[in-house]
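Reproduced below: entry.cif, with mmCIF, C-alpha atoms and all ligand atoms.
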data_entry
#
loop_
_atom_site.label_atom_id
_atom_site.label_comp_id
_atom_site.auth_asym_id
_atom_site.auth_seq_id
_atom_site.Cartn_x
_atom_site.Cartn_y
_atom_site.Cartn_z
CA MET A 11 4.05 5.63 9.54
CA LYS A 12 3.37 4.46 13.10
CA ILE A 13 0.60 1.97 13.82
CA ILE A 14 -0.65 0.69 17.18
CA THR A 15 -2.35 -2.71 17.30
CA LEU A 16 -4.69 -3.66 20.14
CA ASN A 17 -6.01 -7.11 20.95
CA CYS A 18 -8.44 -6.81 23.87
CA GLY A 19 -9.52 -10.04 25.49
CA SER A 20 -11.94 -10.38 28.37
CA SER A 21 -9.13 -9.91 30.94
CA SER A 22 -6.09 -8.87 28.91
CA VAL A 23 -4.94 -6.22 26.46
CA LYS A 24 -2.14 -7.16 24.05
CA TYR A 25 -0.56 -4.32 22.13
CA ALA A 26 2.25 -3.49 19.74
CA LEU A 27 3.65 -0.44 18.01
CA PHE A 28 4.89 -0.85 14.43
CA ASP A 29 6.74 1.30 11.97
CA MET A 30 5.31 0.66 8.49
CA PRO A 31 6.05 -0.26 5.81
CA SER A 32 9.37 -1.33 7.37
CA ARG A 33 7.37 -3.79 9.57
CA LYS A 34 9.69 -2.94 12.47
CA ARG A 35 8.10 -3.58 15.87
CA LEU A 36 9.14 -0.68 18.12
CA SER A 37 7.65 -2.03 21.34
CA TYR A 38 4.94 -4.38 22.54
CA GLY A 39 3.42 -5.92 25.61
CA ILE A 40 0.40 -7.12 27.52
CA VAL A 41 -1.76 -5.90 30.37
CA GLN A 42 -2.95 -8.86 32.41
CA ARG A 43 -5.85 -9.24 34.83
CA VAL A 44 -7.83 -6.37 33.31
CA THR A 45 -11.22 -5.99 35.06
CA LEU A 46 -9.88 -8.26 37.86
CA THR A 47 -7.74 -7.27 40.84
CA GLY A 48 -3.95 -7.38 40.67
CA SER A 49 -3.60 -6.01 37.12
CA PHE A 50 -0.11 -5.43 35.73
CA ILE A 51 1.60 -4.51 32.48
CA GLU A 52 4.56 -6.32 30.91
CA HIS A 53 6.19 -4.04 28.38
CA TYR A 54 9.01 -4.92 25.96
CA ASP A 55 11.08 -2.28 24.19
CA ALA A 56 12.64 -2.54 20.73
CA HIS A 57 15.53 -4.60 22.20
CA ASN A 58 13.14 -6.95 23.99
CA GLN A 59 14.01 -5.47 27.38
CA LYS A 60 11.11 -6.17 29.67
CA SER A 61 9.64 -3.89 32.34
CA THR A 62 6.75 -4.82 34.61
CA HIS A 63 4.52 -2.39 36.42
CA ARG A 64 1.52 -3.00 38.66
CA ARG A 65 -1.55 -0.84 38.39
CA GLU A 66 -5.18 -1.72 38.96
CA CYS A 67 -7.13 -1.73 35.68
CA PRO A 68 -10.80 -2.15 36.58
CA THR A 69 -11.78 -1.34 32.97
CA HIS A 70 -10.31 -1.75 29.50
CA ALA A 71 -10.20 2.08 29.26
CA VAL A 72 -7.80 2.27 32.23
CA ALA A 73 -5.67 -0.52 30.74
CA ILE A 74 -5.44 1.24 27.39
CA ALA A 75 -4.50 4.55 29.04
CA LEU A 76 -1.71 2.61 30.78
CA VAL A 77 -0.58 1.13 27.45
CA MET A 78 -0.41 4.61 25.92
CA GLU A 79 1.70 5.79 28.86
CA PHE A 80 4.22 3.02 28.16
CA LEU A 81 4.21 3.55 24.38
CA THR A 82 5.00 7.25 24.84
CA ASN A 83 7.75 6.55 27.38
CA PRO A 84 10.87 8.35 26.05
CA GLN A 85 13.19 5.38 26.73
CA ALA A 86 11.11 2.26 26.13
CA GLY A 87 8.05 3.38 24.17
CA GLY A 88 8.88 4.21 20.58
CA ILE A 89 6.89 7.43 20.17
CA LYS A 90 6.97 10.75 22.02
CA ASP A 91 3.33 11.55 21.62
CA LEU A 92 0.11 9.88 20.45
CA ALA A 93 -0.02 12.58 17.74
CA GLU A 94 2.72 10.59 15.94
CA VAL A 95 0.38 7.62 15.45
CA ASN A 96 -1.21 7.28 12.00
CA GLY A 97 -3.64 4.49 12.72
CA PHE A 98 -4.91 1.87 15.16
CA GLY A 99 -5.66 -1.75 14.35
CA HIS A 100 -8.20 -3.49 16.59
CA ARG A 101 -8.70 -7.23 16.65
CA VAL A 102 -12.39 -8.12 16.52
CA VAL A 103 -13.22 -11.80 16.82
CA HIS A 104 -16.58 -11.96 15.08
CA GLY A 105 -17.59 -10.02 11.99
CA GLY A 106 -20.65 -12.18 11.26
CA GLU A 107 -21.46 -12.45 7.55
CA LYS A 108 -21.15 -8.72 7.11
CA PHE A 109 -17.40 -8.10 7.22
CA THR A 110 -15.32 -9.88 4.65
CA SER A 111 -12.29 -7.65 5.13
CA ALA A 112 -10.90 -5.11 7.55
CA VAL A 113 -12.78 -1.79 7.72
CA VAL A 114 -12.26 1.69 9.09
CA ILE A 115 -14.44 1.94 12.18
CA ASN A 116 -17.45 4.25 12.19
CA ASP A 117 -20.70 4.26 14.19
CA GLU A 118 -22.25 1.63 11.95
CA VAL A 119 -19.29 -0.72 12.37
CA ILE A 120 -19.52 -0.29 16.14
CA ARG A 121 -23.23 -1.14 16.03
CA SER A 122 -22.56 -4.29 14.00
CA VAL A 123 -19.71 -5.46 16.26
CA ALA A 124 -22.08 -5.00 19.22
CA GLU A 125 -24.76 -6.98 17.39
CA PHE A 126 -22.33 -9.87 16.70
CA SER A 127 -21.63 -10.12 20.45
CA MET A 128 -24.50 -12.58 20.34
CA LEU A 129 -22.26 -14.90 18.29
CA ALA A 130 -19.07 -14.26 20.33
CA PRO A 131 -20.19 -13.28 23.83
CA LEU A 132 -16.74 -13.80 25.38
CA HIS A 133 -14.85 -11.77 22.81
CA ASN A 134 -16.72 -9.04 20.95
CA PRO A 135 -17.73 -7.02 24.06
CA ALA A 136 -14.07 -6.84 25.18
CA ASN A 137 -12.96 -5.95 21.63
CA LEU A 138 -15.55 -3.19 21.59
CA ALA A 139 -14.50 -1.83 24.99
CA GLY A 140 -10.97 -1.48 23.61
CA ILE A 141 -12.16 0.25 20.45
CA ARG A 142 -14.22 2.77 22.39
CA ALA A 143 -11.41 3.55 24.84
CA ALA A 144 -8.78 3.98 22.11
CA MET A 145 -11.10 6.13 20.00
CA GLN A 146 -11.60 8.42 22.95
CA LEU A 147 -7.87 8.78 23.50
CA ALA A 148 -7.09 9.26 19.79
CA PRO A 149 -10.25 10.52 18.08
CA ASP A 150 -8.57 12.06 15.06
CA VAL A 151 -6.79 9.04 13.56
CA PRO A 152 -8.36 6.13 11.70
CA HIS A 153 -9.21 3.07 13.76
CA VAL A 154 -9.46 -0.15 11.80
CA ALA A 155 -11.31 -3.33 12.81
CA ILE A 156 -9.63 -6.56 11.74
CA PHE A 157 -11.96 -9.53 12.02
CA ASP A 158 -10.86 -13.09 12.85
CA THR A 159 -13.65 -14.30 10.60
CA ALA A 160 -12.88 -12.06 7.59
CA PHE A 161 -10.29 -14.20 5.77
CA LEU A 162 -12.68 -17.14 6.09
CA ALA A 163 -15.65 -15.28 4.63
CA THR A 164 -14.88 -16.57 1.12
CA MET A 165 -15.96 -20.13 1.94
CA PRO A 166 -18.69 -21.35 -0.42
CA PRO A 167 -22.14 -22.29 0.97
CA HIS A 168 -21.50 -26.02 0.56
CA ALA A 169 -18.61 -25.61 3.03
CA TYR A 170 -20.37 -23.36 5.53
CA ILE A 171 -23.98 -24.56 5.66
CA TYR A 172 -24.66 -27.33 8.19
CA ALA A 173 -27.02 -30.20 7.48
CA LEU A 174 -29.49 -28.84 10.03
CA PRO A 175 -32.90 -27.21 9.57
CA TYR A 176 -32.18 -24.42 7.08
CA GLU A 177 -34.32 -22.01 9.13
CA TRP A 178 -31.63 -22.08 11.84
CA TYR A 179 -29.29 -20.43 9.37
CA GLU A 180 -31.92 -17.81 8.53
CA LYS A 181 -33.15 -17.28 12.07
CA TYR A 182 -30.03 -17.71 14.21
CA HIS A 183 -27.22 -17.21 11.65
CA ILE A 184 -26.00 -20.74 12.35
CA ARG A 185 -23.28 -21.59 9.86
CA ARG A 186 -19.54 -22.23 9.77
CA TYR A 187 -17.68 -18.97 10.35
CA GLY A 188 -14.26 -20.23 11.41
CA PHE A 189 -11.67 -18.45 13.53
CA HIS A 190 -7.91 -17.72 13.55
CA GLY A 191 -8.57 -16.12 10.13
CA THR A 192 -5.94 -13.43 10.57
CA SER A 193 -3.28 -16.05 11.20
CA HIS A 194 -4.37 -18.25 8.26
CA GLY A 195 -4.51 -15.21 5.97
CA TYR A 196 -1.10 -14.00 7.07
CA VAL A 197 0.71 -17.33 6.68
CA SER A 198 -1.01 -17.92 3.33
CA LYS A 199 0.41 -14.67 1.96
CA ARG A 200 3.82 -15.39 3.43
CA ALA A 201 3.73 -18.92 1.99
CA ALA A 202 2.88 -17.57 -1.46
CA ALA A 203 5.78 -15.11 -1.18
CA PHE A 204 8.04 -17.96 -0.04
CA LEU A 205 7.03 -19.96 -3.12
CA GLY A 206 7.64 -16.91 -5.31
CA ARG A 207 3.99 -16.66 -6.38
CA LYS A 208 1.15 -14.17 -6.04
CA PRO A 209 -1.23 -15.06 -3.18
CA ALA A 210 -4.04 -15.73 -5.68
CA ALA A 211 -1.91 -18.34 -7.45
CA VAL A 212 -1.57 -20.84 -4.60
CA ASN A 213 -3.57 -23.69 -3.09
CA LEU A 214 -2.58 -24.43 0.49
CA ILE A 215 -3.52 -26.35 3.60
CA THR A 216 -2.63 -24.16 6.58
CA LEU A 217 -2.47 -25.74 10.03
CA HIS A 218 -2.56 -23.34 12.98
CA ILE A 219 -1.62 -25.59 15.90
CA GLY A 220 -1.48 -23.68 19.16
CA ASN A 221 -3.58 -24.16 22.24
CA GLY A 222 -6.50 -23.65 19.87
CA VAL A 223 -6.12 -25.58 16.61
CA SER A 224 -7.62 -24.91 13.19
CA ILE A 225 -6.98 -25.89 9.60
CA THR A 226 -7.88 -23.98 6.45
CA ALA A 227 -8.11 -25.18 2.87
CA VAL A 228 -6.95 -22.24 0.76
CA LYS A 229 -7.91 -22.21 -2.92
CA ASP A 230 -6.40 -19.58 -5.23
CA GLY A 231 -5.29 -17.66 -2.14
CA ALA A 232 -8.78 -17.52 -0.56
CA ALA A 233 -10.30 -19.63 2.21
CA TYR A 234 -12.34 -22.50 0.76
CA ASP A 235 -12.99 -24.62 3.87
CA HIS A 236 -12.05 -24.48 7.51
CA SER A 237 -12.17 -26.80 10.51
CA MET A 238 -13.66 -24.50 13.16
CA GLY A 239 -17.34 -23.85 12.87
CA PHE A 240 -20.14 -21.80 14.36
CA THR A 241 -17.86 -21.61 17.40
CA PRO A 242 -14.16 -22.51 17.86
CA LEU A 243 -15.22 -25.86 19.36
CA GLU A 244 -15.41 -27.77 16.08
CA GLY A 245 -12.56 -29.40 14.20
CA ALA A 246 -9.21 -30.60 15.49
CA VAL A 247 -8.44 -31.86 18.99
CA MET A 248 -7.26 -28.83 21.02
CA GLY A 249 -5.67 -28.17 24.38
CA THR A 250 -8.98 -28.26 26.23
CA ARG A 251 -11.61 -28.30 23.44
CA CYS A 252 -13.01 -31.55 22.08
CA GLY A 253 -13.10 -30.73 18.36
CA ASP A 254 -15.28 -32.96 16.13
CA ILE A 255 -17.48 -35.37 18.09
CA ASP A 256 -20.77 -37.14 17.61
CA PRO A 257 -23.30 -34.43 18.62
CA ALA A 258 -25.38 -37.09 20.35
CA ILE A 259 -22.69 -37.60 23.01
CA PRO A 260 -23.26 -34.40 25.02
CA LEU A 261 -27.02 -34.95 24.89
CA TYR A 262 -26.61 -38.49 26.26
CA VAL A 263 -24.23 -37.48 29.07
CA MET A 264 -26.40 -34.49 30.00
CA GLN A 265 -29.24 -36.94 30.57
CA GLN A 266 -27.08 -39.45 32.44
CA GLU A 267 -25.48 -36.89 34.76
CA ASN A 268 -28.26 -34.35 34.86
CA LEU A 269 -26.05 -31.57 33.55
CA SER A 270 -27.20 -28.15 32.36
CA SER A 271 -26.25 -26.89 28.92
CA ALA A 272 -23.87 -24.37 30.55
CA GLU A 273 -22.13 -27.20 32.44
CA MET A 274 -21.81 -29.27 29.28
CA GLU A 275 -20.54 -26.29 27.29
CA SER A 276 -17.86 -25.76 29.91
CA ILE A 277 -16.79 -29.44 29.80
CA LEU A 278 -16.54 -29.44 26.00
CA ASN A 279 -14.55 -26.19 25.98
CA ARG A 280 -12.41 -26.47 29.10
CA ASN A 281 -12.13 -30.09 30.18
CA SER A 282 -11.90 -31.98 26.93
CA GLY A 283 -9.28 -32.18 24.18
CA LEU A 284 -5.79 -33.16 25.32
CA LEU A 285 -6.69 -32.34 28.92
CA GLY A 286 -9.71 -34.63 28.71
CA ILE A 287 -7.71 -37.55 27.29
CA THR A 288 -4.66 -37.25 29.56
CA GLY A 289 -6.48 -36.04 32.66
CA LYS A 290 -3.68 -33.56 33.36
CA TYR A 291 -1.87 -32.03 30.39
CA VAL A 292 -2.68 -29.17 28.04
CA ASP A 293 0.79 -28.00 27.08
CA ARG A 294 2.31 -30.17 24.33
CA ARG A 295 5.75 -29.89 25.96
CA ASP A 296 4.30 -31.57 29.06
CA ILE A 297 2.73 -34.23 26.87
CA LEU A 298 6.01 -34.94 25.06
CA ALA A 299 7.82 -35.18 28.42
CA ALA A 300 5.14 -37.47 29.86
CA MET A 301 5.37 -39.69 26.76
CA GLN A 302 9.10 -39.99 27.40
CA ALA A 303 8.33 -41.03 30.96
CA GLY A 304 5.99 -43.75 29.72
CA ASP A 305 2.59 -42.11 30.34
CA LYS A 306 0.25 -44.16 28.11
CA ARG A 307 -2.56 -41.61 28.07
CA ALA A 308 -0.09 -38.91 26.97
CA VAL A 309 0.98 -41.20 24.09
CA LEU A 310 -2.67 -41.81 23.21
CA SER A 311 -3.47 -38.08 23.21
CA PHE A 312 -0.50 -37.40 20.90
CA GLU A 313 -1.61 -40.15 18.53
CA ILE A 314 -5.21 -38.95 18.49
CA GLU A 315 -4.23 -35.33 17.92
CA CYS A 316 -1.87 -36.11 15.04
CA TYR A 317 -4.15 -38.71 13.46
CA ARG A 318 -7.07 -36.31 13.38
CA LEU A 319 -4.92 -33.58 11.82
CA ARG A 320 -3.69 -36.07 9.20
CA LYS A 321 -7.34 -36.84 8.35
CA TYR A 322 -7.98 -33.12 7.81
CA ILE A 323 -5.01 -32.92 5.47
CA GLY A 324 -6.46 -35.83 3.50
CA ALA A 325 -9.90 -34.25 3.40
CA TYR A 326 -8.59 -30.90 2.24
CA LEU A 327 -6.35 -32.51 -0.40
CA ALA A 328 -9.55 -33.99 -1.79
CA ALA A 329 -11.43 -30.69 -1.42
CA LEU A 330 -8.74 -28.71 -3.25
CA GLY A 331 -7.61 -31.23 -5.86
CA ARG A 332 -4.19 -29.60 -6.19
CA VAL A 333 -2.14 -28.44 -3.21
CA ASP A 334 1.09 -26.45 -3.53
CA ALA A 335 2.05 -26.51 0.13
CA VAL A 336 1.07 -27.68 3.58
CA VAL A 337 1.89 -24.89 6.05
CA PHE A 338 2.54 -25.36 9.76
CA THR A 339 2.21 -22.41 12.15
CA ALA A 340 1.57 -21.33 15.80
CA GLY A 341 3.19 -22.71 18.99
CA VAL A 342 3.19 -26.40 18.06
CA GLY A 343 3.35 -25.95 14.30
CA GLU A 344 6.44 -23.75 14.60
CA ASN A 345 8.22 -25.65 17.36
CA SER A 346 7.46 -29.33 17.45
CA PRO A 347 9.20 -31.59 14.89
CA ARG A 348 7.66 -34.61 16.66
CA HIS A 349 4.13 -33.39 15.97
CA ARG A 350 4.87 -32.40 12.37
CA ALA A 351 6.51 -35.76 11.65
CA LYS A 352 3.62 -37.72 13.15
CA ILE A 353 1.00 -35.63 11.35
CA CYS A 354 2.72 -36.19 7.97
CA GLU A 355 3.46 -39.88 8.62
CA GLY A 356 2.39 -42.10 5.75
CA LEU A 357 1.39 -39.23 3.45
CA ASP A 358 4.17 -39.93 0.92
CA GLY A 359 1.66 -41.59 -1.36
CA LEU A 360 -0.31 -38.33 -1.43
CA GLY A 361 2.78 -36.32 -2.36
CA ILE A 362 3.72 -35.07 1.10
CA LYS A 363 7.22 -36.15 2.08
CA LEU A 364 9.11 -34.58 4.98
CA ALA A 365 12.90 -34.23 5.15
CA GLU A 366 13.77 -35.47 8.63
CA ASP A 367 16.78 -33.19 9.13
CA ARG A 368 15.03 -30.06 7.88
CA ASN A 369 12.03 -30.84 10.05
CA ARG A 370 14.29 -31.17 13.08
CA GLN A 371 15.91 -27.80 12.37
CA ALA A 372 12.63 -25.88 12.11
CA VAL A 373 12.17 -24.72 15.71
CA GLY A 374 12.10 -21.38 17.48
CA GLY A 375 9.41 -19.62 15.49
CA GLN A 376 11.81 -17.13 13.91
CA GLU A 377 12.44 -18.37 10.41
CA GLU A 378 10.29 -19.36 7.46
CA MET A 379 11.52 -22.79 6.35
CA GLU A 380 10.89 -25.50 3.80
CA ILE A 381 10.94 -28.89 5.53
CA ASN A 382 9.91 -31.26 2.72
CA ALA A 383 12.22 -33.69 0.95
CA PRO A 384 13.59 -32.28 -2.33
CA ASP A 385 11.46 -34.72 -4.36
CA SER A 386 8.22 -34.04 -2.45
CA PRO A 387 5.55 -32.91 -4.97
CA VAL A 388 3.81 -30.90 -2.22
CA LYS A 389 5.99 -28.46 -0.29
CA VAL A 390 5.81 -28.47 3.49
CA LEU A 391 6.54 -25.09 5.08
CA VAL A 392 6.93 -23.79 8.60
CA ILE A 393 5.80 -20.16 8.59
CA PRO A 394 5.79 -18.36 11.94
CA THR A 395 2.50 -16.55 12.40
CA ASN A 396 2.45 -12.92 13.47
CA GLU A 397 -1.08 -11.70 14.07
CA GLU A 398 0.03 -8.31 15.39
CA LEU A 399 2.02 -7.63 12.23
CA ALA A 400 -0.93 -8.80 10.15
CA PHE A 401 -3.14 -6.25 11.96
CA ALA A 402 -0.59 -3.52 11.22
CA GLU A 403 -0.46 -4.57 7.56
CA GLU A 404 -4.26 -4.34 7.32
CA VAL A 405 -4.21 -0.83 8.77
CA PHE A 406 -1.39 0.17 6.44
CA SER A 407 -3.26 -1.17 3.43
CA LEU A 408 -6.41 0.74 4.36
CA VAL A 409 -5.02 4.04 5.54
CA GLY A 410 -1.43 3.99 4.35
CA LYS A 411 0.11 3.59 0.96
CA GLY A 412 -1.44 0.24 0.19
CA ARG A 413 -0.78 -3.46 0.33
CA ASP A 414 0.82 -3.52 -3.12
CA ASN A 415 3.95 -2.24 -1.42
CA LEU A 416 3.96 -5.21 0.94
CA TYR A 417 3.25 -8.24 -1.26
P1 LIG B 501 -2.32 -19.91 21.73
O1 LIG B 501 -1.94 -18.60 21.04
O2 LIG B 501 -3.44 -20.65 21.09
O3 LIG B 501 -2.40 -19.84 23.22
P2 LIG B 501 0.35 -20.80 20.91
O4 LIG B 501 0.35 -20.59 19.45
O5 LIG B 501 1.20 -19.90 21.74
O6 LIG B 501 -1.12 -20.90 21.47
O7 LIG B 501 0.81 -22.32 21.19
C1 LIG B 501 0.74 -22.88 22.45
C2 LIG B 501 1.14 -24.34 22.35
O8 LIG B 501 2.41 -24.45 21.70
C3 LIG B 501 1.28 -25.00 23.71
O9 LIG B 501 0.57 -26.21 23.78
C4 LIG B 501 2.78 -25.25 23.81
O10 LIG B 501 3.11 -26.36 24.53
C5 LIG B 501 3.15 -25.46 22.37
N1 LIG B 501 4.61 -25.37 22.20
C6 LIG B 501 5.39 -24.29 22.32
N2 LIG B 501 6.70 -24.64 22.16
C7 LIG B 501 6.71 -25.98 21.94
C8 LIG B 501 7.74 -26.95 21.70
N3 LIG B 501 9.01 -26.60 21.67
N4 LIG B 501 7.38 -28.23 21.51
C9 LIG B 501 6.08 -28.60 21.54
N5 LIG B 501 5.08 -27.73 21.77
C10 LIG B 501 5.37 -26.44 21.95
#

Write the structure described by the file as structure tokens, please.
Ligand code: ADP
Amino acid sequence: MKIITLNCGSSSVKYALFDMPSRKRLSYGIVQRVTLTGSFIEHYDAHNQKSTHRRECPTHAVAIALVMEFLTNPQAGGIKDLAEVNGFGHRVVHGGEKFTSAVVINDEVIRSVAEFSMLAPLHNPANLAGIRAAMQLAPDVPHVAIFDTAFLATMPPHAYIYALPYEWYEKYHIRRYGFHGTSHGYVSKRAAAFLGRKPAAVNLITLHIGNGVSITAVKDGAAYDHSMGFTPLEGAVMGTRCGDIDPAIPLYVMQQENLSSAEMESILNRNSGLLGITGKYVDRRDILAAMQAGDKRAVLSFEIECYRLRKYIGAYLAALGRVDAVVFTAGVGENSPRHRAKICEGLDGLGIKLAEDRNRQAVGGQEEMEINAPDSPVKVLVIPTNEELAFAEEVFSLVGKGRDNLY
């Protein structure tokens, strides 16, 4: 069966067309600058041949119509007609406390996604615009919502309730939700398969280290704790987000510099993290190059980032008691032996022992690899994430023949 996945951001639409259950990606691409001027599509066919085309996309609906044009292109698309498509998978960032798994979209789901826009004002409205546009173009096939928060919905209250007035949880739904759930869920299942076990039989610590960074403690295959919180700001040091800080700091600086809450929110989200420490770098490749050139702040940012991730590994080892594998994924996790080595430095005593040569070989994001020393009690895996494929798998499991065929 053919499945289209759509990931609508505030100014972009990422898409892919899959054949399931073969998991073959037939084509994919991205429309950039949606709702802005100068929009264009970058489309890749099954052989990764790229074509670029400019067309103004003032709305998500126009962008999605453009995507459908490219997907039904006889040479580069993969399908002749939208009638060949058996289902759509839509990424939705926030599913609140209501959605603990992917669901087929109906009016009630749409109402709830709109309601949760309060909790994810930058994401849910764009996700919804994409859903509405695609449903109009293909009203007769199932559309499935896949929530970033769903895999993390199994956390117990002692992991998700903050030590704040309890009424804030009741009144404003303030709790830890976590994000990147699709990625953590996907790599957890792949890791279990790699270890030759059922997903429910593994305890893992999964580290998604991209521009955004999050860590999940996975107990018996389900999320038990997670580093991101009410928003993606909490947890690890990220490209431009601060991660865990003393909450008194922003209050103090707001007073000192007479800043509004919107200004402070922007600083914590866009001018902190690695950018804040180095003053110039977000991309880890730039940081590694600057370290080589003797930039002390770049070295400091690398040390802070890796140290803080190591502390999370320690905390989640304690939270889980037994860990089968530590799993690295996303841009840095899949490509940077330097980061992985530094993060795991000194963890031998806790049963985590890297093999230097294997670690060095695990680059490129193509292969699932074991990078621990043979005598390491805890395995260390590099598992490339693939959120688009995870969306397609969710659709297949809901409207196709079922997940049992996949794992
Ligand atoms: P996101 O999806 O959050 O934007 P990605 O998962 O694509 O992020 O990861 C982006 C990060 O991965 C960037 O900081 C980039 O520098 C880093 N990265 C990619 N390749 C390498 C590499 N070879 N070495 C170190 N970092 C890398």

Worksheet item: How far is it from atom CA of A:Asp117 to atom CA of A:Val102, in Å with one decimal?
Response: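 Interatomic distance, atom CA of A:Asp117 to atom CA of A:Val102: 15.1 Å.
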
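Atom CA of A:Pro387 lies 10.4 Å from atom CA of A:Arg332.
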
Find the residues of chain A that sit at most 12 Å from ligand LIG 501 (chain B); for each, write down the nearest two atoms and how far apart they are in Å, to one decimal. Count all atoms listed in the file. Sort by chain, then by number going up, and give it as a Markdown table.
| residue | atom | partner | partner_atom | distance |
| --- | --- | --- | --- | --- |
| A:Lys24 | CA | B:LIG501 | O1 | 11.8 |
| A:Phe189 | CA | B:LIG501 | O2 | 11.4 |
| A:His190 | CA | B:LIG501 | O2 | 9.2 |
| A:Ser193 | CA | B:LIG501 | O4 | 10.1 |
| A:Leu217 | CA | B:LIG501 | O4 | 11.1 |
| A:His218 | CA | B:LIG501 | O4 | 7.6 |
| A:Ile219 | CA | B:LIG501 | O4 | 6.4 |
| A:Gly220 | CA | B:LIG501 | O7 | 3.3 |
| A:Asn221 | CA | B:LIG501 | O2 | 3.7 |
| A:Gly222 | CA | B:LIG501 | O2 | 4.5 |
| A:Val223 | CA | B:LIG501 | O2 | 7.2 |
| A:Ser224 | CA | B:LIG501 | O2 | 9.9 |
| A:Pro242 | CA | B:LIG501 | O2 | 11.3 |
| A:Val247 | CA | B:LIG501 | O9 | 11.7 |
| A:Met248 | CA | B:LIG501 | O9 | 8.7 |
| A:Gly249 | CA | B:LIG501 | O9 | 6.6 |
| A:Thr250 | CA | B:LIG501 | O9 | 10.1 |
| A:Arg251 | CA | B:LIG501 | O2 | 11.4 |
| A:Gly283 | CA | B:LIG501 | O9 | 11.5 |
| A:Leu284 | CA | B:LIG501 | O9 | 9.5 |
| A:Leu285 | CA | B:LIG501 | O9 | 10.8 |
| A:Tyr291 | CA | B:LIG501 | O9 | 9.1 |
| A:Val292 | CA | B:LIG501 | O9 | 6.1 |
| A:Asp293 | CA | B:LIG501 | O9 | 3.8 |
| A:Arg294 | CA | B:LIG501 | O10 | 3.9 |
| A:Arg295 | CA | B:LIG501 | C9 | 4.6 |
| A:Asp296 | CA | B:LIG501 | O10 | 7.0 |
| A:Ile297 | CA | B:LIG501 | O10 | 8.2 |
| A:Leu298 | CA | B:LIG501 | C9 | 7.3 |
| A:Ala299 | CA | B:LIG501 | C9 | 9.7 |
| A:Phe312 | CA | B:LIG501 | C9 | 11.0 |
| A:Glu315 | CA | B:LIG501 | O9 | 11.9 |
| A:Phe338 | CA | B:LIG501 | O4 | 11.0 |
| A:Thr339 | CA | B:LIG501 | O4 | 7.7 |
| A:Ala340 | CA | B:LIG501 | O4 | 3.9 |
| A:Gly341 | CA | B:LIG501 | O7 | 3.3 |
| A:Val342 | CA | B:LIG501 | O8 | 4.2 |
| A:Gly343 | CA | B:LIG501 | O8 | 7.6 |
| A:Glu344 | CA | B:LIG501 | N2 | 7.6 |
| A:Asn345 | CA | B:LIG501 | N3 | 4.5 |
| A:Ser346 | CA | B:LIG501 | N4 | 4.2 |
| A:Pro347 | CA | B:LIG501 | N4 | 7.6 |
| A:Arg348 | CA | B:LIG501 | C9 | 7.9 |
| A:His349 | CA | B:LIG501 | C9 | 7.6 |
| A:Arg350 | CA | B:LIG501 | C9 | 10.0 |
| A:Arg370 | CA | B:LIG501 | N3 | 11.1 |
| A:Gln371 | CA | B:LIG501 | N3 | 11.6 |
| A:Ala372 | CA | B:LIG501 | N3 | 10.2 |
| A:Val373 | CA | B:LIG501 | N3 | 7.0 |
| A:Gly374 | CA | B:LIG501 | N3 | 7.4 |
| A:Gly375 | CA | B:LIG501 | N2 | 8.8 |
| A:Pro394 | CA | B:LIG501 | O4 | 9.5 |
| A:Thr395 | CA | B:LIG501 | O4 | 8.4 |
| A:Asn396 | CA | B:LIG501 | O4 | 9.9 |
| A:Glu397 | CA | B:LIG501 | O1 | 9.8 |
| A:Glu398 | CA | B:LIG501 | O1 | 11.9 |

Item to complete: Have a look at atom CA of A:Ser237 and atom CA of A:Ile225 and let me know their distance in Å, one decimal.
Response: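 If I compute the distance from atom CA of A:Ser237 to atom CA of A:Ile225, I get 5.3 Å.
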
Item to complete: Compare A:Ala272, A:Cys354, A:Ala56, A:Ile74 by their minimum atom-to-atom distance to A:Ala148, counting only C-alpha atoms, and give me the closest one.
Response: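 Residue with the minimum atom-to-atom distance to A:Ala148: A:Ile74.
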
Worksheet item: Contacts of stretch 256-262 of chain A at 10 Å or less, counting only C-alpha atoms, minus same-chain residues fewer than 5 places along, as an MDAnalysis selection string?
Response: chainID A and resid 267:269 271 274:275 277:278

Fill in: Polymer residues at most 12 Å from A:Val405, only C-alpha atoms, same-chain spacing of 3 or more positions, as a ChimeraX atom specification
/A:11-16,28-31,33,95-101,111-115,151-156,398-402,408-413

Discussion item. List as a count of residues only the protein and nucleic acid residues near A:Gly191, meaning an atom at most 6 Å away when only C-alpha atoms are counted, but skip any in the same chain fewer than 4 places from it.
Written reply: 5
